[in-house]
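See structure below.
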Amino acid sequence: MMRLRQHLASSPIYTSAIARIRNKTHHHNHRQLPLTQKLRTSTQNKLLLLIPFLLVFFFLIPTLLLPPARTMSSSSAASAPFEKPRAVVKKLLAESQPEGQGATVRRSIGRHELRNLDPFLMLDEFSVSKPAGFPDHPHRGFETVTYMLEGAFTHQDFAGHKGTIRAGDVQWMTAGRGIVHSEMPAGDGVQKGLQLWINLSSKDKMIEPRYQELQSKDISRAEHGGVEARIIAGEAFGVRSPVFTRTPTMYIDFTMRPGSQLHQPIPEGWNAFVYIIDGEGVFGREKAAPVSAHHCIVLGPGDGLSVWNKSGAPLRFALVAGQPLGEPVVQHGPFVMNSRAEIQQAMEDYYYGKNGFERASQWSSSA
């Protein structure tokens, strides 16, 4: 209260009021005052005592009643519920099927129930042991993203590129105008991972092949509220991946502790899906039924994805989103172009070894 009086004493309103009252009382202080004037002087003195309290009422009380200013950090913004969360519009269990040479994959995108989700062409969860694998085969017109979950895979191509990716590593390969390569298990036991095919726009389908490879230790990470994010492409919790995506793409590996929740923004207009690797979670709406491992769920339009882990075990899933290309998709095995004529040309180029496939006929992998 003493500080408040000192503060009010310096107020120009308070100072002016006191000056006016003192001037009036000073004018009459040397002569005897009638009874009415004495009463008036007494009233003025009482008003003088009330001024500090009136100032408190008009200036301090409203500030106490106003709500505090709201601030939001970048991490809390990514954890705020959405006005329009993306709902689950399709749910698909990835069923096992043979692929390559003796290998088994769980395919979700790329089956007849979900032929593609522009710009995504295929998603496989592979589980491979020697001697099975994916021996020499070509690609043209798109990108492959291989993300190892367990074990290791060795890759080599007809341009001399060779390397091994291990658990947590990523290989982002742009096939462009043409690649012939092999992908084979590098160790004993079961090797597991995810492979995603991303379409390229017509202007990029015939570019030179290139690779982006990240070891597990180099992948961007962030953690907030019991949720850990490994950011393969795009951004989460204010942290960005260094990967360049020719077709704008978000690819994040989330692990959620029991009882945690996530609200991850997704760019407006992008197509998005979730693939559940382990555990079960509630997606889209808090009262929705939980979805378990090996399911692919397609998300509708909205501000972002909301997820709750109401189980007693960790939940791990990949969130993938991309900007649609809006172009015709014509696919024949490992070739993805915009027209049947372009597919025919790709097959001819591969067969005759031209237009990017010049080394195809003279090369074979050590696998």
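Simple scheme: letters A, B, ... for chains in structure tokens order, numbers from 1 for residues in each chain, numbers from 1 for ligands in the order shown.
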task: Fewer than 4 positions away in the same chain doesn't count, so skip those; otherwise give me all residues within 9 Å of stretch 238-255 of chain A, counting only C-alpha atoms, as a PyMOL selection string.
output: chain A and resi 74-75+78+119+172+174+198-201+204+212-214+219-222+226-234+266+270+272+314-325
Which residues of stretch 154-257 of chain A sit at most 8 Å from stretch 361-366 of chain A, using only C-alpha atoms? Give each one's shortest atom pair and distance in Å (one decimal place), in chain and ascending residue order, as a tab-separated table.
```
residue	atom	partner	partner_atom	distance
A:Gln156	CA	A:Ser365	CA	6.7
A:Asp157	CA	A:Ser365	CA	7.2
A:Phe158	CA	A:Trp363	CA	5.9
A:His181	CA	A:Ser365	CA	7.4
A:Ser182	CA	A:Ser365	CA	6.7
```
Could you please take those selected residues and save C-alpha atoms as a PDB file, in the first residue's frame?
```pdb
ATOM      1  CA  GLN A 156      24.580 -50.869 -55.637  1.00  0.00           C
ATOM      2  CA  ASP A 157      23.796 -49.475 -59.078  1.00  0.00           C
ATOM      3  CA  PHE A 158      25.157 -49.488 -62.632  1.00  0.00           C
ATOM      4  CA  HIS A 181      20.266 -51.262 -59.091  1.00  0.00           C
ATOM      5  CA  SER A 182      19.991 -54.052 -56.524  1.00  0.00           C
TER       6      SER A 182
END
```
query: So how many Å separate atom CA of A:Ala288 and atom CA of A:Ile276, to one decimal?
result: 15.8 Å
Nearest-residue call for A:Met256, choices A:His295, A:His112, A:Lys310, A:Lys217, using only C-alpha atoms: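 Ranked by minimum distance to A:Met256, first place goes to A:Lys310.
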